file run_15.txt (compact mmCIF, C-alpha atoms)
# COMPACT_ATOMS: atom_id res chain seq x y z
CA MET A 1 -16.59 36.80 98.50
CA THR A 2 -17.33 33.77 100.65
CA SER A 3 -18.31 31.46 97.78
CA VAL A 4 -14.75 31.31 96.45
CA ASN A 5 -12.88 31.28 99.75
CA PRO A 6 -11.14 27.96 100.49
CA LYS A 7 -14.14 26.47 102.28
CA ILE A 8 -13.52 23.04 100.89
CA GLU A 9 -13.32 19.50 102.25
CA PRO A 10 -10.24 19.34 104.56
CA SER A 11 -8.28 16.62 102.75
CA TRP A 12 -8.59 18.55 99.49
CA LEU A 13 -7.66 21.80 101.21
CA GLU A 14 -4.46 20.19 102.42
CA VAL A 15 -3.29 19.33 98.89
CA LEU A 16 -4.74 22.38 97.13
CA ARG A 17 -3.82 25.08 99.62
CA PRO A 18 -0.93 26.33 97.42
CA GLN A 19 -3.48 26.96 94.65
CA PHE A 20 -5.70 29.06 96.90
CA GLU A 21 -2.64 31.11 97.86
CA ALA A 22 -1.35 31.54 94.30
CA PRO A 23 -1.63 34.90 92.45
CA TYR A 24 -3.81 33.42 89.71
CA PHE A 25 -6.43 32.41 92.27
CA ALA A 26 -6.63 35.95 93.64
CA GLN A 27 -7.25 37.13 90.10
CA LEU A 28 -9.90 34.44 89.65
CA LYS A 29 -11.67 35.64 92.80
CA GLU A 30 -11.72 39.20 91.50
CA PHE A 31 -13.10 37.99 88.20
CA LEU A 32 -15.88 36.04 89.90
CA ILE A 33 -16.80 38.97 92.14
CA ALA A 34 -17.18 41.19 89.08
CA GLU A 35 -19.15 38.54 87.22
CA ARG A 36 -21.63 38.01 90.05
CA GLN A 37 -22.15 41.76 90.33
CA GLN A 38 -23.22 41.93 86.68
CA TYR A 39 -24.62 38.51 85.81
CA VAL A 40 -26.35 35.45 87.18
CA CYS A 41 -23.74 32.71 87.52
CA TYR A 42 -23.98 28.97 88.22
CA PRO A 43 -23.72 26.93 90.33
CA LYS A 44 -24.66 28.67 93.56
CA GLY A 45 -21.71 29.56 95.75
CA SER A 46 -22.12 26.68 98.17
CA ASP A 47 -21.94 24.19 95.29
CA ILE A 48 -18.82 25.52 93.53
CA PHE A 49 -16.60 22.97 95.29
CA ALA A 50 -19.28 20.26 95.56
CA ALA A 51 -17.22 17.71 93.62
CA PHE A 52 -14.44 17.99 96.20
CA ASP A 53 -16.77 18.16 99.18
CA ARG A 54 -18.70 15.04 98.14
CA THR A 55 -15.57 13.00 97.35
CA PRO A 56 -12.65 13.51 99.77
CA PHE A 57 -9.14 13.26 98.34
CA ASP A 58 -8.33 9.96 100.03
CA LYS A 59 -11.66 8.40 98.95
CA VAL A 60 -11.36 9.01 95.19
CA LYS A 61 -11.55 5.74 93.24
CA VAL A 62 -12.80 7.01 89.88
CA VAL A 63 -12.54 10.37 88.10
CA ILE A 64 -14.98 11.58 85.43
CA LEU A 65 -14.04 14.89 83.81
CA GLY A 66 -16.41 17.45 82.35
CA GLN A 67 -15.70 20.87 80.90
CA ASP A 68 -18.28 23.45 82.10
CA PRO A 69 -21.17 23.49 84.55
CA TYR A 70 -24.62 23.52 82.99
CA HIS A 71 -25.59 27.11 82.25
CA GLU A 72 -29.40 27.08 82.42
CA PRO A 73 -31.45 27.75 85.58
CA GLY A 74 -31.68 24.91 88.09
CA GLN A 75 -29.28 22.55 86.32
CA ALA A 76 -25.79 22.98 87.84
CA ASN A 77 -25.14 21.29 91.18
CA GLY A 78 -21.34 21.29 91.16
CA LEU A 79 -20.95 17.72 89.88
CA CYS A 80 -20.11 17.22 86.22
CA PHE A 81 -22.92 15.77 84.07
CA SER A 82 -25.24 15.75 87.13
CA VAL A 83 -28.45 17.71 87.67
CA PRO A 84 -30.57 17.98 90.82
CA GLN A 85 -33.54 15.72 91.36
CA GLY A 86 -36.58 16.83 89.41
CA VAL A 87 -34.59 18.61 86.69
CA GLN A 88 -34.93 17.33 83.14
CA VAL A 89 -32.03 15.05 82.24
CA PRO A 90 -29.73 16.72 79.66
CA PRO A 91 -28.91 14.83 76.44
CA SER A 92 -25.33 13.83 77.32
CA LEU A 93 -26.39 12.45 80.69
CA MET A 94 -29.27 10.64 79.03
CA ASN A 95 -26.74 8.89 76.79
CA ILE A 96 -24.61 8.03 79.81
CA ILE A 97 -27.61 6.34 81.42
CA LYS A 98 -28.38 4.51 78.16
CA GLU A 99 -24.83 3.15 78.07
CA ILE A 100 -25.06 2.07 81.72
CA ASN A 101 -28.27 0.20 80.91
CA HIS A 102 -26.68 -1.47 77.88
CA ASP A 103 -23.40 -2.25 79.63
CA LEU A 104 -24.81 -3.57 82.89
CA GLY A 105 -28.13 -4.97 81.71
CA LEU A 106 -30.15 -2.45 83.71
CA ARG A 107 -33.36 -0.53 83.06
CA LEU A 108 -32.66 2.76 84.75
CA PRO A 109 -35.21 5.44 83.85
CA LEU A 110 -34.06 8.40 81.78
CA THR A 111 -35.86 10.80 84.12
CA ASN A 112 -33.38 10.96 87.06
CA GLY A 113 -30.05 12.73 86.73
CA ASP A 114 -28.70 13.36 90.24
CA LEU A 115 -25.29 11.65 90.46
CA THR A 116 -24.63 12.55 94.10
CA ARG A 117 -24.55 8.89 95.14
CA TRP A 118 -21.75 8.25 92.63
CA ALA A 119 -19.73 11.04 94.25
CA GLU A 120 -20.36 9.62 97.71
CA GLN A 121 -19.03 6.24 96.54
CA GLY A 122 -15.73 7.72 95.37
CA VAL A 123 -16.43 9.04 91.87
CA LEU A 124 -14.93 12.52 91.53
CA LEU A 125 -17.27 14.33 89.12
CA LEU A 126 -14.99 17.22 88.21
CA ASN A 127 -15.60 19.99 85.72
CA SER A 128 -12.49 21.73 84.43
CA THR A 129 -14.19 25.10 84.91
CA LEU A 130 -16.22 25.32 88.11
CA THR A 131 -18.49 28.29 87.32
CA VAL A 132 -20.29 29.74 84.32
CA ARG A 133 -22.35 32.78 83.38
CA ALA A 134 -26.04 32.01 82.86
CA HIS A 135 -26.92 31.04 79.27
CA GLN A 136 -23.30 31.39 78.09
CA ALA A 137 -21.36 28.15 77.82
CA GLY A 138 -17.63 28.56 78.27
CA SER A 139 -17.94 32.09 79.65
CA HIS A 140 -15.66 31.41 82.66
CA GLN A 141 -13.01 29.46 80.80
CA HIS A 142 -9.41 30.73 80.75
CA HIS A 143 -9.72 32.77 83.96
CA GLY A 144 -7.89 30.37 86.29
CA TRP A 145 -10.23 27.47 86.98
CA GLU A 146 -8.37 25.19 84.58
CA GLU A 147 -5.11 25.72 86.45
CA PHE A 148 -6.87 24.90 89.70
CA THR A 149 -8.56 21.72 88.48
CA ASP A 150 -5.43 20.57 86.62
CA ALA A 151 -3.64 20.85 89.95
CA ALA A 152 -6.29 18.61 91.52
CA ILE A 153 -5.72 15.97 88.82
CA GLN A 154 -1.96 16.23 89.27
CA ALA A 155 -2.30 15.82 93.05
CA LEU A 156 -4.34 12.65 92.58
CA ASN A 157 -1.77 11.39 90.12
CA GLN A 158 1.13 12.10 92.45
CA TYR A 159 -0.20 11.07 95.84
CA ARG A 160 -2.73 8.34 95.05
CA GLN A 161 -2.55 4.97 93.28
CA GLY A 162 -4.93 2.85 91.20
CA ILE A 163 -7.52 5.51 90.30
CA VAL A 164 -9.63 4.85 87.19
CA PHE A 165 -9.92 7.92 84.96
CA LEU A 166 -12.88 7.93 82.56
CA LEU A 167 -12.05 10.48 79.88
CA TRP A 168 -14.82 11.18 77.39
CA GLY A 169 -14.21 13.48 74.45
CA ASN A 170 -11.12 15.29 73.22
CA PHE A 171 -11.11 17.88 76.00
CA ALA A 172 -11.14 15.28 78.78
CA ILE A 173 -8.68 13.06 76.92
CA SER A 174 -6.24 15.99 76.78
CA LYS A 175 -5.94 15.73 80.57
CA ALA A 176 -4.32 12.30 80.20
CA GLN A 177 -1.01 14.18 79.97
CA PHE A 178 -1.19 14.60 83.76
CA ILE A 179 -1.78 10.90 84.49
CA ASP A 180 0.92 8.29 85.03
CA ARG A 181 -0.50 5.14 83.45
CA THR A 182 1.95 2.99 85.37
CA LYS A 183 0.14 4.06 88.57
CA HIS A 184 -3.41 4.64 87.35
CA HIS A 185 -5.91 3.40 84.77
CA VAL A 186 -7.16 5.51 81.85
CA LEU A 187 -10.23 4.64 79.76
CA THR A 188 -11.08 6.92 76.84
CA ALA A 189 -14.09 7.26 74.56
CA PRO A 190 -15.87 9.92 72.49
CA HIS A 191 -18.03 12.39 74.39
CA PRO A 192 -21.56 11.21 75.29
CA SER A 193 -23.06 14.23 73.52
CA PRO A 194 -25.67 13.33 70.86
CA LEU A 195 -23.19 14.74 68.32
CA SER A 196 -20.55 12.14 69.12
CA ALA A 197 -21.95 9.31 71.25
CA HIS A 198 -22.49 7.07 68.23
CA ARG A 199 -18.79 7.34 67.35
CA GLY A 200 -17.80 5.05 70.17
CA PHE A 201 -19.23 6.17 73.49
CA PHE A 202 -22.10 3.76 73.02
CA ASN A 203 -20.78 0.24 73.64
CA CYS A 204 -17.57 1.52 75.28
CA ARG A 205 -18.61 -0.47 78.36
CA HIS A 206 -16.60 1.81 80.62
CA PHE A 207 -18.82 1.14 83.62
CA SER A 208 -18.25 -2.63 83.72
CA LYS A 209 -14.59 -2.18 82.77
CA CYS A 210 -14.12 0.30 85.58
CA ASN A 211 -15.69 -2.03 88.11
CA ASN A 212 -13.61 -4.96 86.90
CA ILE A 213 -10.47 -2.88 87.48
CA LEU A 214 -11.60 -1.87 90.96
CA ILE A 215 -12.43 -5.46 91.87
CA SER A 216 -9.06 -6.66 90.56
CA GLU A 217 -7.38 -4.23 92.95
CA GLY A 218 -9.44 -5.32 95.92
CA GLN A 219 -11.72 -2.28 95.94
CA VAL A 220 -15.49 -2.10 96.20
CA PRO A 221 -17.06 -1.52 92.74
CA ILE A 222 -19.27 1.46 92.01
CA HIS A 223 -23.04 1.00 92.14
CA TRP A 224 -23.71 2.84 88.88
CA ASP A 225 -27.44 2.22 89.25
CA GLU A 226 -27.64 4.66 92.18
CA ILE A 227 -28.93 7.68 90.25
CA GLY A 228 -31.66 10.12 91.17
call {"tool": "encode", "arguments": {"input": "run_15.txt", "output": "structure tokens"}}
result
Amino acid sequence: MTSVNPKIEPSWLEVLRPQFEAPYFAQLKEFLIAERQQYVCYPKGSDIFAAFDRTPFDKVKVVILGQDPYHEPGQANGLCFSVPQGVQVPPSLMNIIKEINHDLGLRLPLTNGDLTRWAEQGVLLLNSTLTVRAHQAGSHQHHGWEEFTDAAIQALNQYRQGIVFLLWGNFAISKAQFIDRTKHHVLTAPHPSPLSAHRGFFNCRHFSKCNNILISEGQVPIHWDEIG
């Protein structure tokens, strides 16, 4: 099945090739073939590795971790929290935009949710599970994707320096175990979901804090206003 072959940005392929060749990945491919024969799955095949393709390994400055792709029609584009232009902004992303506006004194509209420009600036928008069955959140968890994406985080930790990890919610925070805080920066907060955003995601000011870290290390800050 071509959509899960290692057709991925070359710098990522170099560090992740052992994962593509591992037995668990062969099993994952078989699982995805069977799933697509029986169900509609998201995102489309060409977008499964979009997070890697949009943000080459050596260009990653910031990592934002999600859990699953969106599971309703037209939403998933391979970048965590992001939706294509023209698609209604989901609640968690709406809260992210609200916090950006509060943190940076902006007035971004709550009607645009395409985060592609973040990815192109060096923000790796990585879901832990890269595919999902339509209408069934979590349906592709525990079939191998987590091992693959954990390996990506570990590669960044090992071979790169000074990356800012924005970990929102308990699931993302659990990935801090793979991050050496003497080499990288970790900012944590509750998930931006409406169920938890008021517990500390609002007013976390992660976007200005992230940029201050990047500037202090001589890097170009992220233009968080480039949405849509």
call {"tool": "atom_distance", "arguments": {"input": "run_15.txt", "atom1": "atom CA of A:Gly162", "atom2": "atom CA of A:Ser216"}}
result
10.4 Å
call {"tool": "residues_around", "arguments": {"input": "run_15.txt", "residues": "stretch 68-75 of chain A", "least_positions_apart": "2", "cutoff": "8 Å", "atoms": "all atoms listed in the file", "output": "PyMOL selection string"}}
result
chain A and resi 41-43+66+77-84+87+127-138
call {"tool": "closest_residue", "arguments": {"input": "run_15.txt", "among": "A:Glu146, A:Glu99, A:Glu120, A:Glu35", "to": "A:Arg54", "atoms": "all atoms listed in the file"}}
result
A:Glu120
call {"tool": "closest_atom_pairs", "arguments": {"input": "run_15.txt", "of": "stretch 45-161 of chain A", "to": "stretch 16-28 of chain A", "cutoff": "8 Å", "atoms": "only C-alpha atoms", "output": "CSV"}}
result
residue,atom,partner,partner_atom,distance
A:His143,CA,A:Leu28,CA,5.9
A:Gly144,CA,A:Leu28,CA,5.6
A:Trp145,CA,A:Leu28,CA,7.5
A:Phe148,CA,A:Gln19,CA,6.3
A:Ala151,CA,A:Leu16,CA,7.4
A:Ala152,CA,A:Leu16,CA,6.9
call {"tool": "atom_distance", "arguments": {"input": "run_15.txt", "atom1": "atom CA of A:Ile163", "atom2": "atom CA of A:Asn211"}}
result
11.3 Å
call {"tool": "residues_around", "arguments": {"input": "run_15.txt", "residues": "A:Glu226", "least_positions_apart": "4", "cutoff": "10 Å", "atoms": "only C-alpha atoms", "output": "PyMOL selection string"}}
result
chain A and resi 108+112+114-118+121+222
call {"tool": "closest_residue", "arguments": {"input": "run_15.txt", "among": "A:Asp150, A:Gln177, A:Gln85, A:Ala51", "to": "A:Leu126", "atoms": "only C-alpha atoms"}}
result
A:Ala51
call {"tool": "residues_around", "arguments": {"input": "run_15.txt", "residues": "A:His102", "least_positions_apart": "4", "cutoff": "10 Å", "atoms": "only C-alpha atoms", "output": "list of chain:residue names"}}
result
A:Ile96, A:Ile97, A:Lys98, A:Leu106, A:Arg107, A:Phe202, A:Asn203, A:Cys204, A:Arg205
call {"tool": "write_last_selection", "arguments": {"input": "run_15.txt", "atoms": "C-alpha atoms", "output": "mmCIF file, in the coordinates of the input"}}
result
data_model
loop_
_atom_site.group_PDB
_atom_site.id
_atom_site.type_symbol
_atom_site.label_atom_id
_atom_site.label_comp_id
_atom_site.auth_asym_id
_atom_site.auth_seq_id
_atom_site.Cartn_x
_atom_site.Cartn_y
_atom_site.Cartn_z
ATOM 1 C CA ILE A 96 -24.610 8.030 79.810
ATOM 2 C CA ILE A 97 -27.610 6.340 81.420
ATOM 3 C CA LYS A 98 -28.380 4.510 78.160
ATOM 4 C CA LEU A 106 -30.150 -2.450 83.710
ATOM 5 C CA ARG A 107 -33.360 -0.530 83.060
ATOM 6 C CA PHE A 202 -22.100 3.760 73.020
ATOM 7 C CA ASN A 203 -20.780 0.240 73.640
ATOM 8 C CA CYS A 204 -17.570 1.520 75.280
ATOM 9 C CA ARG A 205 -18.610 -0.470 78.360
#
call {"tool": "closest_residue", "arguments": {"input": "run_15.txt", "among": "A:Leu125, A:Asn101, A:Lys175, A:Pro56", "to": "A:Gln154", "atoms": "only C-alpha atoms"}}
result
A:Lys175
call {"tool": "closest_residue", "arguments": {"input": "run_15.txt", "among": "A:Arg36, A:Lys44, A:Lys61, A:His206", "to": "A:Pro221", "atoms": "only C-alpha atoms"}}
result
A:Lys61
call {"tool": "atom_distance", "arguments": {"input": "run_15.txt", "atom1": "atom CA of A:Ser208", "atom2": "atom CA of A:Val62"}}
result
12.7 Å
call {"tool": "residues_around", "arguments": {"input": "run_15.txt", "residues": "A:Thr188", "least_positions_apart": "2", "cutoff": "7 Å", "atoms": "only C-alpha atoms", "output": "list in words"}}
result
Leu166, Leu167, Trp168, Ile173 and Val186 of chain A
call {"tool": "decode", "arguments": {"input": "run_15.txt", "residues": "stretch 194-227 of chain A", "atoms": "N, CA, C and O atoms", "output": "short mmCIF file (atom, residue, chain, number, x, y, z; two decimals), in the first residue's frame"}}
result
data_model
loop_
_atom_site.label_atom_id
_atom_site.label_comp_id
_atom_site.auth_asym_id
_atom_site.auth_seq_id
_atom_site.Cartn_x
_atom_site.Cartn_y
_atom_site.Cartn_z
N PRO A 194 -11.97 22.18 25.69
CA PRO A 194 -12.89 22.92 26.56
C PRO A 194 -13.06 22.28 27.94
O PRO A 194 -13.43 22.97 28.90
N LEU A 195 -12.77 20.98 28.06
CA LEU A 195 -12.91 20.31 29.35
C LEU A 195 -11.79 20.68 30.32
O LEU A 195 -11.97 20.53 31.54
N SER A 196 -10.66 21.14 29.79
CA SER A 196 -9.51 21.36 30.67
C SER A 196 -8.79 22.68 30.48
O SER A 196 -7.93 23.04 31.29
N ALA A 197 -9.12 23.44 29.43
CA ALA A 197 -8.36 24.65 29.13
C ALA A 197 -8.36 25.64 30.30
O ALA A 197 -7.35 26.33 30.54
N HIS A 198 -9.46 25.70 31.04
CA HIS A 198 -9.55 26.66 32.14
C HIS A 198 -8.74 26.23 33.36
O HIS A 198 -8.65 26.98 34.33
N ARG A 199 -8.15 25.04 33.31
CA ARG A 199 -7.33 24.57 34.43
C ARG A 199 -5.87 25.00 34.32
O ARG A 199 -5.06 24.58 35.14
N GLY A 200 -5.57 25.80 33.32
CA GLY A 200 -4.20 26.29 33.21
C GLY A 200 -3.65 26.44 31.81
O GLY A 200 -2.57 26.99 31.63
N PHE A 201 -4.40 25.96 30.80
CA PHE A 201 -3.92 26.24 29.44
C PHE A 201 -4.09 27.73 29.15
O PHE A 201 -3.14 28.37 28.65
N PHE A 202 -5.28 28.26 29.46
CA PHE A 202 -5.44 29.70 29.32
C PHE A 202 -4.48 30.40 30.29
O PHE A 202 -4.35 30.05 31.45
N ASN A 203 -3.78 31.38 29.75
CA ASN A 203 -2.79 32.17 30.48
C ASN A 203 -1.48 31.42 30.72
O ASN A 203 -0.66 31.86 31.51
N CYS A 204 -1.27 30.30 30.00
CA CYS A 204 0.03 29.62 30.12
C CYS A 204 1.13 30.41 29.41
O CYS A 204 2.30 30.25 29.71
N ARG A 205 0.73 31.21 28.44
CA ARG A 205 1.65 32.08 27.69
C ARG A 205 2.80 31.30 27.04
O ARG A 205 3.93 31.78 26.94
N HIS A 206 2.49 30.10 26.57
CA HIS A 206 3.52 29.27 25.97
C HIS A 206 4.07 29.87 24.68
O HIS A 206 5.23 29.60 24.32
N PHE A 207 3.28 30.65 23.98
CA PHE A 207 3.71 31.15 22.68
C PHE A 207 4.76 32.25 22.83
O PHE A 207 5.77 32.24 22.12
N SER A 208 4.57 33.15 23.77
CA SER A 208 5.60 34.16 24.03
C SER A 208 6.81 33.54 24.72
O SER A 208 7.97 33.88 24.42
N LYS A 209 6.58 32.60 25.63
CA LYS A 209 7.70 31.93 26.30
C LYS A 209 8.55 31.17 25.31
O LYS A 209 9.79 31.21 25.37
N CYS A 210 7.90 30.48 24.40
CA CYS A 210 8.63 29.74 23.36
C CYS A 210 9.49 30.68 22.54
O CYS A 210 10.68 30.41 22.31
N ASN A 211 8.91 31.78 22.09
CA ASN A 211 9.68 32.71 21.27
C ASN A 211 10.82 33.34 22.05
O ASN A 211 11.91 33.56 21.49
N ASN A 212 10.61 33.62 23.32
CA ASN A 212 11.70 34.18 24.13
C ASN A 212 12.86 33.20 24.22
O ASN A 212 14.03 33.60 24.18
N ILE A 213 12.55 31.90 24.35
CA ILE A 213 13.60 30.88 24.38
C ILE A 213 14.34 30.85 23.06
O ILE A 213 15.58 30.82 23.01
N LEU A 214 13.59 30.83 21.96
CA LEU A 214 14.23 30.80 20.64
C LEU A 214 15.13 32.01 20.43
O LEU A 214 16.27 31.88 19.96
N ILE A 215 14.65 33.18 20.80
CA ILE A 215 15.45 34.39 20.63
C ILE A 215 16.71 34.33 21.48
O ILE A 215 17.80 34.71 21.03
N SER A 216 16.58 33.81 22.71
CA SER A 216 17.74 33.72 23.60
C SER A 216 18.82 32.80 23.06
O SER A 216 19.99 32.92 23.42
N GLU A 217 18.42 31.88 22.17
CA GLU A 217 19.37 30.95 21.57
C GLU A 217 19.76 31.37 20.15
O GLU A 217 20.34 30.58 19.40
N GLY A 218 19.42 32.59 19.79
CA GLY A 218 19.83 33.11 18.50
C GLY A 218 19.03 32.60 17.33
O GLY A 218 19.48 32.69 16.19
N GLN A 219 17.82 32.07 17.60
CA GLN A 219 16.97 31.56 16.53
C GLN A 219 15.85 32.54 16.21
O GLN A 219 15.47 33.39 17.02
N VAL A 220 15.31 32.40 15.02
CA VAL A 220 14.20 33.24 14.59
C VAL A 220 12.93 32.78 15.30
O VAL A 220 12.62 31.57 15.31
N PRO A 221 12.17 33.67 15.93
CA PRO A 221 10.93 33.26 16.61
C PRO A 221 9.87 32.83 15.63
O PRO A 221 9.95 33.10 14.42
N ILE A 222 8.87 32.14 16.14
CA ILE A 222 7.76 31.67 15.33
C ILE A 222 6.72 32.78 15.17
O ILE A 222 6.35 33.45 16.14
N HIS A 223 6.25 32.97 13.94
CA HIS A 223 5.15 33.91 13.70
C HIS A 223 3.84 33.14 13.93
O HIS A 223 3.27 32.56 13.02
N TRP A 224 3.39 33.15 15.19
CA TRP A 224 2.20 32.39 15.56
C TRP A 224 0.93 32.95 14.93
O TRP A 224 -0.10 32.28 14.91
N ASP A 225 1.00 34.16 14.41
CA ASP A 225 -0.18 34.76 13.79
C ASP A 225 -0.44 34.24 12.38
O ASP A 225 -1.48 34.55 11.79
N GLU A 226 0.48 33.43 11.86
CA GLU A 226 0.32 32.94 10.48
C GLU A 226 -0.53 31.66 10.50
O GLU A 226 -0.03 30.53 10.47
N ILE A 227 -1.83 31.88 10.56
CA ILE A 227 -2.82 30.79 10.59
C ILE A 227 -3.81 31.02 9.46
O ILE A 227 -4.22 32.15 9.21
#
